[in-house]
$ cat structure.txt   # compact mmCIF, C-alpha atoms
# COMPACT_ATOMS: atom_id res chain seq x y z
CA MET B 1 29.42 12.23 0.93
CA THR B 2 28.92 12.82 4.66
CA ASP B 3 31.10 12.09 7.68
CA ALA B 4 29.30 8.88 8.61
CA ASP B 5 29.23 7.63 5.01
CA PHE B 6 32.08 5.25 5.71
CA GLN B 7 30.61 1.77 5.80
CA GLU B 8 28.03 -0.35 4.09
CA GLN B 9 25.38 -1.75 6.41
CA PRO B 10 22.28 -3.88 6.06
CA ILE B 11 19.27 -1.70 5.37
CA GLY B 12 17.60 -1.02 8.70
CA ALA B 13 15.27 1.47 10.29
CA LEU B 14 18.28 3.32 11.74
CA THR B 15 20.70 2.88 8.85
CA GLY B 16 22.68 6.10 8.57
CA ILE B 17 22.74 6.78 12.31
CA LEU B 18 26.17 6.75 13.94
CA VAL B 19 26.25 6.10 17.70
CA ALA B 20 29.21 6.97 19.90
CA ASP B 21 28.76 4.42 22.67
CA PHE B 22 30.44 5.54 25.91
CA SER B 23 28.62 2.91 27.95
CA ARG B 24 29.42 -0.08 30.09
CA VAL B 25 27.74 -2.80 32.14
CA LEU B 26 24.03 -3.15 31.23
CA ALA B 27 21.48 -0.30 30.97
CA ALA B 28 23.22 1.82 28.34
CA PRO B 29 24.84 -1.10 26.44
CA TYR B 30 21.39 -2.66 26.11
CA ALA B 31 20.10 0.55 24.54
CA THR B 32 23.02 0.83 22.12
CA MET B 33 22.68 -2.83 21.13
CA LEU B 34 19.06 -2.17 20.18
CA PHE B 35 20.26 0.68 17.96
CA GLY B 36 22.78 -1.64 16.35
CA ASP B 37 20.11 -4.27 15.75
CA LEU B 38 18.02 -1.63 13.99
CA GLY B 39 20.82 -0.71 11.60
CA ALA B 40 22.78 2.05 13.35
CA ASP B 41 26.57 1.89 13.30
CA VAL B 42 27.65 1.69 16.94
CA ILE B 43 31.23 2.37 18.02
CA LYS B 44 31.78 1.21 21.60
CA ILE B 45 34.47 3.09 23.51
CA GLU B 46 36.39 0.87 25.93
CA ARG B 47 39.28 1.34 28.32
CA PRO B 48 42.58 0.03 26.93
CA GLY B 49 43.55 -3.27 28.50
CA LEU B 50 40.39 -3.57 30.60
CA GLY B 51 37.35 -2.83 28.48
CA ASP B 52 33.80 -3.00 29.71
CA ASP B 53 33.57 -4.27 33.30
CA THR B 54 31.33 -7.12 32.20
CA ARG B 55 34.09 -8.71 30.10
CA GLN B 56 35.26 -10.18 33.43
CA TRP B 57 31.82 -10.89 34.92
CA GLY B 58 31.43 -14.63 35.18
CA PRO B 59 30.86 -17.49 35.27
CA PRO B 60 29.31 -18.45 32.98
CA PHE B 61 31.90 -18.13 30.22
CA THR B 62 31.92 -19.57 26.70
CA ASP B 63 34.44 -22.18 25.62
CA ASP B 64 36.53 -19.27 24.34
CA HIS B 65 36.47 -17.70 27.83
CA GLU B 66 34.18 -14.84 26.86
CA ALA B 67 31.83 -13.65 29.59
CA THR B 68 28.26 -14.40 28.54
CA TYR B 69 27.17 -11.28 30.45
CA PHE B 70 29.15 -9.10 28.04
CA LEU B 71 27.89 -11.06 25.03
CA SER B 72 24.27 -10.46 26.08
CA VAL B 73 24.26 -6.70 25.36
CA ASN B 74 27.07 -5.96 22.91
CA ARG B 75 26.35 -7.44 19.49
CA ASN B 76 26.31 -5.20 16.40
CA LYS B 77 29.05 -2.93 17.76
CA ARG B 78 32.66 -2.06 17.01
CA SER B 79 35.14 -1.93 19.89
CA PHE B 80 37.43 1.11 19.92
CA THR B 81 39.85 1.48 22.83
CA ALA B 82 40.60 4.97 24.11
CA ASP B 83 41.64 6.64 27.35
CA MET B 84 39.76 9.91 27.85
CA ALA B 85 42.70 11.25 29.87
CA ASN B 86 45.18 10.63 27.06
CA PRO B 87 45.47 13.73 24.82
CA ALA B 88 45.81 11.80 21.55
CA ASP B 89 42.90 9.50 22.41
CA HIS B 90 40.87 12.50 23.54
CA ARG B 91 41.32 14.15 20.16
CA ASP B 92 40.05 11.00 18.47
CA LEU B 93 37.02 10.94 20.75
CA VAL B 94 36.22 14.57 20.00
CA GLU B 95 36.41 13.81 16.29
CA LEU B 96 34.12 10.81 16.73
CA ILE B 97 31.61 12.95 18.60
CA ARG B 98 31.79 15.60 15.88
CA ARG B 99 30.72 12.98 13.33
CA ALA B 100 28.17 11.16 15.49
CA ASP B 101 24.39 11.44 15.51
CA VAL B 102 23.98 10.00 19.00
CA LEU B 103 26.16 9.76 22.09
CA ILE B 104 25.11 7.53 24.98
CA GLU B 105 26.99 7.43 28.29
CA ASN B 106 26.36 6.10 31.77
CA PHE B 107 29.28 7.34 33.84
CA ARG B 108 28.77 8.90 37.24
CA PRO B 109 27.53 12.50 36.96
CA GLY B 110 30.43 14.84 36.31
CA THR B 111 32.76 12.27 34.74
CA MET B 112 32.24 13.32 31.14
CA ALA B 113 32.46 17.00 32.12
CA ARG B 114 35.86 16.48 33.76
CA HIS B 115 37.10 15.29 30.38
CA GLY B 116 35.51 18.11 28.44
CA LEU B 117 32.85 15.82 26.97
CA SER B 118 29.64 16.91 28.68
CA TYR B 119 26.61 17.80 26.57
CA ASP B 120 27.16 21.54 26.94
CA GLN B 121 30.81 21.15 25.95
CA VAL B 122 30.33 18.96 22.87
CA ALA B 123 27.11 20.59 21.63
CA GLU B 124 29.28 23.48 20.49
CA ILE B 125 31.17 21.24 18.04
CA ASN B 126 28.12 19.19 17.02
CA PRO B 127 24.82 21.02 17.63
CA GLN B 128 22.93 18.19 15.90
CA LEU B 129 24.09 15.61 18.43
CA VAL B 130 21.51 13.73 20.51
CA TYR B 131 23.30 13.17 23.80
CA CYS B 132 21.84 10.60 26.22
CA SER B 133 23.04 10.45 29.80
CA ILE B 134 21.97 7.51 31.98
CA THR B 135 22.51 7.79 35.73
CA GLY B 136 21.45 5.93 38.82
CA PHE B 137 19.63 8.72 40.60
CA GLY B 138 19.83 11.84 38.46
CA SER B 139 22.44 14.59 38.22
CA SER B 140 22.02 16.56 41.46
CA ASP B 141 24.95 16.86 43.86
CA ASP B 142 23.36 14.39 46.28
CA ALA B 143 22.60 11.93 43.49
CA ALA B 144 26.14 12.02 42.10
CA ALA B 145 27.48 10.38 45.26
CA LEU B 146 25.24 7.32 44.92
CA PRO B 147 26.42 4.34 42.83
CA GLY B 148 23.82 3.31 40.27
CA TYR B 149 23.68 -0.45 40.73
CA ASP B 150 20.52 -2.30 39.79
CA LEU B 151 20.30 -4.22 43.07
CA LEU B 152 20.60 -1.00 45.06
CA VAL B 153 17.81 0.65 43.04
CA GLN B 154 15.57 -2.41 43.39
CA ALA B 155 15.97 -1.99 47.14
CA VAL B 156 15.63 1.76 47.61
CA GLY B 157 13.13 2.13 44.75
CA GLY B 158 10.51 -0.12 46.34
CA LEU B 159 10.59 -3.10 43.96
CA MET B 160 11.94 -5.47 46.62
CA SER B 161 9.27 -4.26 49.05
CA VAL B 162 6.58 -5.86 46.86
CA THR B 163 8.62 -8.88 45.70
CA GLY B 164 9.21 -12.04 47.69
CA PRO B 165 7.55 -15.14 49.12
CA GLY B 166 5.83 -13.30 51.95
CA PRO B 167 5.82 -10.30 54.32
CA GLY B 168 9.25 -9.49 55.69
CA GLU B 169 11.07 -11.51 53.01
CA PRO B 170 12.04 -9.07 50.25
CA VAL B 171 13.65 -10.59 47.15
CA LYS B 172 15.25 -9.01 44.10
CA ALA B 173 14.10 -9.85 40.59
CA GLY B 174 16.06 -12.67 38.96
CA VAL B 175 17.54 -10.34 36.33
CA ALA B 176 18.76 -6.74 36.43
CA LEU B 177 15.29 -5.60 35.48
CA VAL B 178 15.74 -1.92 36.32
CA ASP B 179 18.78 -1.69 34.06
CA VAL B 180 16.87 -3.24 31.17
CA LEU B 181 13.86 -0.97 31.68
CA THR B 182 16.15 2.05 31.84
CA GLY B 183 17.88 1.03 28.63
CA LEU B 184 14.50 0.77 26.91
CA HIS B 185 13.44 4.21 28.16
CA ALA B 186 16.76 5.66 27.03
CA ALA B 187 16.27 4.22 23.55
CA ILE B 188 12.77 5.71 23.36
CA GLY B 189 14.08 9.09 24.48
CA VAL B 190 16.84 9.07 21.87
CA LEU B 191 14.43 8.07 19.10
CA ALA B 192 12.11 10.91 20.11
CA ALA B 193 15.03 13.37 20.03
CA LEU B 194 16.09 12.13 16.59
CA ARG B 195 12.55 12.64 15.35
CA ALA B 196 12.50 16.17 16.76
CA ARG B 197 15.84 16.86 15.07
CA GLU B 198 14.20 16.25 11.70
CA SER B 199 12.05 19.33 12.36
CA THR B 200 14.42 21.57 14.30
CA GLY B 201 17.82 20.59 12.91
CA ARG B 202 19.12 20.53 16.48
CA GLY B 203 20.04 17.76 18.87
CA GLN B 204 19.29 17.81 22.57
CA LEU B 205 20.15 16.29 25.93
CA VAL B 206 18.22 13.16 26.94
CA GLU B 207 18.47 12.20 30.62
CA VAL B 208 17.22 8.94 32.12
CA ASN B 209 17.88 7.54 35.59
CA LEU B 210 17.31 4.16 37.20
CA LEU B 211 15.22 5.33 40.15
CA SER B 212 12.72 7.38 38.14
CA THR B 213 12.46 4.58 35.59
CA LEU B 214 11.62 2.06 38.30
CA LEU B 215 9.03 4.28 39.94
CA SER B 216 7.31 4.79 36.58
CA SER B 217 7.58 1.10 35.65
CA MET B 218 5.92 -0.05 38.87
CA VAL B 219 2.72 1.34 37.29
CA ASN B 220 -0.29 0.23 39.35
CA GLN B 221 1.77 -0.21 42.50
CA SER B 222 3.15 3.32 42.19
CA VAL B 223 -0.21 4.90 41.35
CA GLY B 224 -1.84 3.05 44.23
CA TYR B 225 0.43 5.21 46.37
CA THR B 226 0.49 8.50 44.44
CA ALA B 227 -3.26 8.62 43.77
CA GLY B 228 -4.63 6.51 46.62
CA GLY B 229 -2.10 6.82 49.43
CA PHE B 230 -1.78 3.03 49.60
CA VAL B 231 1.64 1.55 50.40
CA PRO B 232 1.69 -2.04 49.08
CA GLY B 233 3.60 -4.87 50.66
CA ILE B 234 4.77 -8.34 49.69
CA ILE B 235 2.00 -10.74 48.72
CA GLY B 236 4.16 -13.46 47.19
CA ASN B 237 3.01 -14.78 43.86
CA ARG B 238 -0.51 -13.44 44.21
CA HIS B 239 -1.85 -10.27 42.63
CA PRO B 240 -3.13 -7.42 44.80
CA SER B 241 -6.16 -6.78 42.56
CA ILE B 242 -6.92 -9.99 40.61
CA ALA B 243 -7.78 -13.54 41.73
CA PRO B 244 -6.94 -16.26 40.98
CA TYR B 245 -3.70 -14.91 39.50
CA GLN B 246 -0.88 -16.94 41.04
CA LEU B 247 1.02 -20.20 41.33
CA PHE B 248 -0.75 -23.46 42.03
CA PRO B 249 0.68 -26.94 42.65
CA ALA B 250 0.42 -29.63 39.97
CA SER B 251 1.46 -33.22 40.60
CA ASP B 252 4.97 -32.71 39.18
CA ARG B 253 5.68 -28.97 39.39
CA GLN B 254 3.98 -25.63 39.78
CA ILE B 255 1.76 -23.89 37.27
CA VAL B 256 0.51 -20.35 36.87
CA ILE B 257 -3.21 -19.66 36.46
CA ALA B 258 -3.99 -16.07 35.50
CA VAL B 259 -7.75 -15.42 35.48
CA GLY B 260 -8.62 -11.92 34.30
CA ASN B 261 -12.44 -11.90 34.41
CA ASP B 262 -15.51 -13.72 35.71
CA ARG B 263 -16.07 -15.60 32.46
CA GLN B 264 -12.59 -17.11 32.62
CA PHE B 265 -13.16 -18.01 36.27
CA ALA B 266 -16.32 -19.94 35.38
CA GLN B 267 -14.41 -21.79 32.65
CA LEU B 268 -11.63 -22.59 35.12
CA CYS B 269 -14.04 -24.01 37.67
CA SER B 270 -15.71 -26.13 35.00
CA ALA B 271 -12.40 -27.54 33.78
CA LEU B 272 -11.35 -28.30 37.36
CA GLY B 273 -14.58 -30.19 38.02
CA ILE B 274 -15.90 -27.70 40.58
CA PRO B 275 -18.34 -25.60 38.50
CA ASP B 276 -20.65 -24.76 41.41
CA ILE B 277 -18.17 -22.55 43.26
CA ALA B 278 -18.21 -20.02 40.42
CA GLU B 279 -21.74 -19.10 41.58
CA GLU B 280 -20.93 -18.79 45.27
CA PRO B 281 -21.15 -15.18 46.54
CA ARG B 282 -17.61 -15.29 47.96
CA PHE B 283 -16.19 -16.22 44.53
CA ALA B 284 -18.69 -14.87 41.99
CA THR B 285 -16.90 -11.57 41.32
CA ASN B 286 -13.26 -10.58 41.20
CA PRO B 287 -13.40 -8.30 44.29
CA SER B 288 -15.03 -11.07 46.30
CA ARG B 289 -12.41 -13.57 45.12
CA VAL B 290 -9.62 -11.21 46.20
CA ALA B 291 -11.31 -10.84 49.61
CA HIS B 292 -11.54 -14.64 50.01
CA ILE B 293 -8.25 -15.60 48.40
CA GLU B 294 -7.25 -18.12 51.09
CA GLU B 295 -10.40 -20.21 50.64
CA LEU B 296 -10.12 -19.92 46.86
CA ASP B 297 -6.48 -21.01 46.96
CA ARG B 298 -7.36 -24.14 48.90
CA ALA B 299 -10.26 -25.04 46.61
CA ILE B 300 -8.24 -24.73 43.40
CA SER B 301 -5.06 -26.34 44.78
CA ALA B 302 -7.02 -29.41 45.86
CA GLN B 303 -7.89 -29.97 42.19
CA THR B 304 -4.67 -28.94 40.42
CA MET B 305 -2.39 -31.18 42.45
CA GLY B 306 -4.13 -34.24 41.05
CA GLN B 307 -2.72 -33.84 37.50
CA SER B 308 0.56 -32.83 35.86
CA ALA B 309 1.48 -29.32 34.82
CA GLU B 310 1.38 -30.34 31.16
CA HIS B 311 -2.13 -31.74 31.61
CA TRP B 312 -3.43 -28.49 33.06
CA TYR B 313 -1.60 -26.44 30.45
CA ARG B 314 -3.38 -28.33 27.68
CA GLU B 315 -6.78 -28.49 29.35
CA LEU B 316 -7.02 -24.93 30.60
CA SER B 317 -5.49 -23.35 27.52
CA ALA B 318 -8.00 -25.23 25.36
CA CYS B 319 -10.91 -23.64 27.21
CA GLY B 320 -9.46 -20.11 27.20
CA VAL B 321 -8.02 -19.97 30.71
CA PRO B 322 -4.50 -18.46 30.79
CA CYS B 323 -2.26 -21.15 32.24
CA GLY B 324 1.34 -22.27 31.94
CA PRO B 325 4.04 -24.30 33.68
CA VAL B 326 6.93 -22.64 35.49
CA ASN B 327 9.73 -23.23 32.99
CA ASP B 328 13.43 -22.80 33.46
CA ILE B 329 15.32 -20.87 30.76
CA ALA B 330 15.84 -24.00 28.68
CA GLY B 331 12.14 -24.79 28.85
CA ALA B 332 11.26 -21.22 27.93
CA PHE B 333 13.39 -21.30 24.77
CA ALA B 334 11.98 -24.71 23.90
CA MET B 335 8.44 -23.37 24.24
CA ALA B 336 9.29 -20.41 22.02
CA GLY B 337 10.58 -22.83 19.41
CA ARG B 338 7.41 -24.92 19.52
CA LEU B 339 5.36 -21.75 19.02
CA GLY B 340 7.35 -20.82 15.93
CA LEU B 341 9.12 -17.87 17.54
CA ASN B 342 12.69 -17.18 16.45
CA ALA B 343 13.94 -16.57 19.95
CA ARG B 344 17.63 -17.21 19.34
CA VAL B 345 20.04 -16.34 16.57
CA ASP B 346 23.58 -17.36 15.64
CA VAL B 347 25.78 -14.31 15.03
CA GLY B 348 29.21 -14.45 13.45
CA GLU B 349 30.95 -16.71 10.98
CA GLY B 350 32.31 -20.24 11.25
CA THR B 351 33.93 -21.10 14.55
CA ASP B 352 33.48 -17.49 15.66
CA THR B 353 29.70 -17.85 15.82
CA VAL B 354 27.90 -17.20 19.08
CA SER B 355 24.28 -18.04 19.86
CA LEU B 356 22.31 -15.13 21.34
CA PRO B 357 18.71 -14.25 22.21
CA ALA B 358 17.04 -12.61 19.23
CA ASN B 359 15.73 -9.06 19.20
CA PRO B 360 11.95 -9.36 19.84
CA ILE B 361 11.02 -6.51 17.47
CA SER B 362 9.63 -7.53 14.09
CA LEU B 363 9.55 -4.90 11.32
CA SER B 364 8.06 -5.84 7.96
CA GLU B 365 10.06 -3.39 5.83
CA THR B 366 13.25 -2.71 7.79
CA PRO B 367 13.87 -5.84 9.88
CA VAL B 368 16.49 -6.08 12.56
CA SER B 369 19.79 -7.62 11.50
CA TYR B 370 22.67 -9.36 13.20
CA HIS B 371 25.73 -8.21 11.29
CA ARG B 372 28.35 -8.22 14.06
CA ARG B 373 29.03 -10.64 16.89
CA PRO B 374 29.95 -8.96 20.21
CA PRO B 375 33.45 -7.61 19.63
CA ARG B 376 36.71 -8.61 21.23
CA LEU B 377 38.34 -5.78 23.12
CA GLY B 378 39.75 -3.23 20.69
CA GLN B 379 39.26 -5.40 17.63
CA ASP B 380 38.14 -2.42 15.52
CA ALA B 381 40.53 0.18 16.97
CA GLU B 382 42.86 0.29 13.98
CA GLU B 383 40.06 0.59 11.44
CA VAL B 384 38.15 3.23 13.39
CA SER B 385 41.33 5.20 14.00
CA ALA B 386 42.16 5.18 10.28
CA TRP B 387 38.68 6.48 9.53
CA LEU B 388 38.92 9.23 12.12
CA HIS B 389 42.29 10.36 10.75
CA GLY B 390 41.45 9.92 7.09
CA PRO B 391 39.09 11.47 4.57
CA THR B 392 35.39 11.08 5.11
CA THR B 393 35.23 8.76 2.11
CA THR B 394 37.19 6.09 3.99
CA LYS B 395 35.20 2.88 4.42
CA LEU B 396 35.73 0.16 6.97
CA PRO B 397 35.56 -3.56 6.12
CA GLN B 398 32.09 -4.90 6.59
CA HIS B 399 32.71 -8.01 8.70
CA LEU B 400 29.12 -9.04 8.07
CA ASP B 401 27.82 -12.53 8.71
CA GLN B 402 25.95 -14.60 6.16
CA GLN B 403 22.54 -13.47 7.43
CA SER B 404 23.17 -9.90 6.36
CA LYS B 405 25.43 -9.91 3.32
CA SER B 406 22.62 -9.57 0.84
CA GLN B 407 21.27 -6.35 2.37
CA HIS B 408 23.77 -3.54 1.91
CA GLN B 409 23.24 0.17 1.64
CA PRO B 410 25.76 2.97 2.16
CA MET B 411 25.42 4.82 5.42
CA GLY B 412 24.59 8.49 5.46
CA ALA B 413 24.26 10.61 8.58
CA HIS B 414 23.49 14.26 8.95
CA THR B 415 25.44 16.74 6.87

$ encode --input "structure.txt" --output "structure tokens"
Amino acid sequence: MTDADFQEQPIGALTGILVADFSRVLAAPYATMLFGDLGADVIKIERPGLGDDTRQWGPPFTDDHEATYFLSVNRNKRSFTADMANPADHRDLVELIRRADVLIENFRPGTMARHGLSYDQVAEINPQLVYCSITGFGSSDDAAALPGYDLLVQAVGGLMSVTGPGPGEPVKAGVALVDVLTGLHAAIGVLAALRARESTGRGQLVEVNLLSTLLSSMVNQSVGYTAGGFVPGIIGNRHPSIAPYQLFPASDRQIVIAVGNDRQFAQLCSALGIPDIAEEPRFATNPSRVAHIEELDRAISAQTMGQSAEHWYRELSACGVPCGPVNDIAGAFAMAGRLGLNARVDVGEGTDTVSLPANPISLSETPVSYHRRPPRLGQDAEEVSAWLHGPTTTKLPQHLDQQSKSQHQPMGAHT
């Protein structure tokens, strides 16, 4: 029996992987939650008495006074409280790292090293460890002085320069998008390193930072600059290369029409009752429509404002034109439900259940599972401590909800 063979889990794609989660706030916790959803056993390290910063980030809070921000990225984890500066706690953390397959951290550069827990330091005790470090701007001396906040990176990384209602009015995205994208890239990097470990038997250091992630994720906008020397600006809800691809007014609220080719444009014009303009030289091709966007905007808006958003959603969707109303979050979840998507899931048991957005990944053989609600601070400290101090055969109580109890398999990490 191996070190991580201490708990029964639902069978998942990552069953048998033990993650030492030294993360807080959003980017890294999002990555570790994805690992938990996929079957890994995730032990979240939190500061005694304080925990993850986001435990206090609110409103909104639940009726039990839990911050919904924390709940959003911390299901399928155990909470283990430890102070890295405390010698006894430090010994426990070293033992956890010795047994782990993956370590993910997002402290400022140098923090883990000051506590003797950098990759170079811990690779000596666990050469099979995949160690993922997430930073704001990298690990150089200049980068270490910069705080890695999503809003800051949206500003300095160029995202706000192309987002907003018009020139000179930069606006951030409505969610910490850079953090989420960075968490996804971190998860991909860790999975790649785990796959490489199957061949080499060795772990490695995975490094991801917010700024590089944003520059890569801005795709066509970034390549317009790197390959073409073009510096884009704010164009509101229009697209720099496609038209019509924007908001239009309906009689009750706004709708999005996203035309991707000339055939769809002809269908749009027919449905709007203005079929002739699809043949006009200024609108016949996508480049010409982009060049004459103001005239095109006026022509389409004059038609769309005469009917409701729901009317245009039905009519245009029926003829193959991408169209949809601008929903709020409640409307978005309602739409997902009407489409048969399982977009939310209840995690926990009885009165301890919390409703969360579902993982969007569907796997036919090793589906995601929701076996742990987001933990209270330190709720698993005693059990994890007993495991760390006991024989490797020690098993922790399962605490699984009803959705997962029928799918158990012993964990087994590397030997």

$ atom_distance --input "structure.txt" --atom1 "atom CA of Val175 of chain B" --atom2 "atom CA of Val162 of chain B"
15.8 Å

$ closest_atom_pairs --input "structure.txt" --of "segment 251-291 of chain B" --to "segment 315-333 of chain B" --cutoff "9 Å" --atoms "only C-alpha atoms" --output "CSV"
residue,atom,partner,partner_atom,distance
B:Arg253,CA,B:Val326,CA,7.5
B:Gln254,CA,B:Val326,CA,6.0
B:Ile255,CA,B:Pro325,CA,4.3
B:Val256,CA,B:Gly324,CA,5.4
B:Ile257,CA,B:Cys323,CA,4.6
B:Ala258,CA,B:Pro322,CA,5.3
B:Val259,CA,B:Pro322,CA,6.5
B:Gly260,CA,B:Pro322,CA,8.5
B:Gln264,CA,B:Val321,CA,5.7
B:Phe265,CA,B:Val321,CA,7.8
B:Gln267,CA,B:Cys319,CA,6.7
B:Leu268,CA,B:Val321,CA,6.3
B:Ala271,CA,B:Leu316,CA,6.8
B:Leu272,CA,B:Leu316,CA,8.7

$ closest_residue --input "structure.txt" --among "B:Ala196, B:Ile104, B:Val290, B:Val354" --to "Pro375 of chain B" --atoms "all atoms listed in the file"
B:Val354

$ closest_residue --input "structure.txt" --among "B:Asp53, B:Asp179, B:Asp120, B:Glu198" --to "Ser217 of chain B" --atoms "only C-alpha atoms"
B:Asp179

$ residues_near_point --input "structure.txt" --point "(34.9, 13.8, 16.3)" --cutoff "12 Å" --atoms "all atoms listed in the file" --output "short mmCIF file (atom, residue, chain, number, x, y, z; two decimals) with C-alpha atoms, in the frame of the given file"
data_model
loop_
_atom_site.label_atom_id
_atom_site.label_comp_id
_atom_site.auth_asym_id
_atom_site.auth_seq_id
_atom_site.Cartn_x
_atom_site.Cartn_y
_atom_site.Cartn_z
CA ASP B 3 31.10 12.09 7.68
CA ALA B 4 29.30 8.88 8.61
CA LEU B 18 26.17 6.75 13.94
CA VAL B 19 26.25 6.10 17.70
CA ALA B 20 29.21 6.97 19.90
CA ASP B 89 42.90 9.50 22.41
CA HIS B 90 40.87 12.50 23.54
CA ARG B 91 41.32 14.15 20.16
CA ASP B 92 40.05 11.00 18.47
CA LEU B 93 37.02 10.94 20.75
CA VAL B 94 36.22 14.57 20.00
CA GLU B 95 36.41 13.81 16.29
CA LEU B 96 34.12 10.81 16.73
CA ILE B 97 31.61 12.95 18.60
CA ARG B 98 31.79 15.60 15.88
CA ARG B 99 30.72 12.98 13.33
CA ALA B 100 28.17 11.16 15.49
CA ASP B 101 24.39 11.44 15.51
CA VAL B 102 23.98 10.00 19.00
CA LEU B 103 26.16 9.76 22.09
CA LEU B 117 32.85 15.82 26.97
CA VAL B 122 30.33 18.96 22.87
CA ALA B 123 27.11 20.59 21.63
CA GLU B 124 29.28 23.48 20.49
CA ILE B 125 31.17 21.24 18.04
CA ASN B 126 28.12 19.19 17.02
CA LEU B 129 24.09 15.61 18.43
CA VAL B 384 38.15 3.23 13.39
CA SER B 385 41.33 5.20 14.00
CA TRP B 387 38.68 6.48 9.53
CA LEU B 388 38.92 9.23 12.12
CA HIS B 389 42.29 10.36 10.75
CA GLY B 390 41.45 9.92 7.09
CA THR B 392 35.39 11.08 5.11
#

$ closest_atom_pairs --input "structure.txt" --of "segment 67-158 of chain B" --to "segment 344-347 of chain B" --cutoff "12 Å" --atoms "only C-alpha atoms" --output "Markdown table"
| residue | atom | partner | partner_atom | distance |
| --- | --- | --- | --- | --- |
| B:Leu71 | CA | B:Val347 | CA | 10.7 |
| B:Ser72 | CA | B:Arg344 | CA | 11.6 |
| B:Asn74 | CA | B:Val347 | CA | 11.6 |
| B:Arg75 | CA | B:Val347 | CA | 8.2 |
| B:Asn76 | CA | B:Val347 | CA | 9.2 |

$ atom_distance --input "structure.txt" --atom1 "atom CA of Arg195 of chain B" --atom2 "atom CA of Thr15 of chain B"
14.3 Å
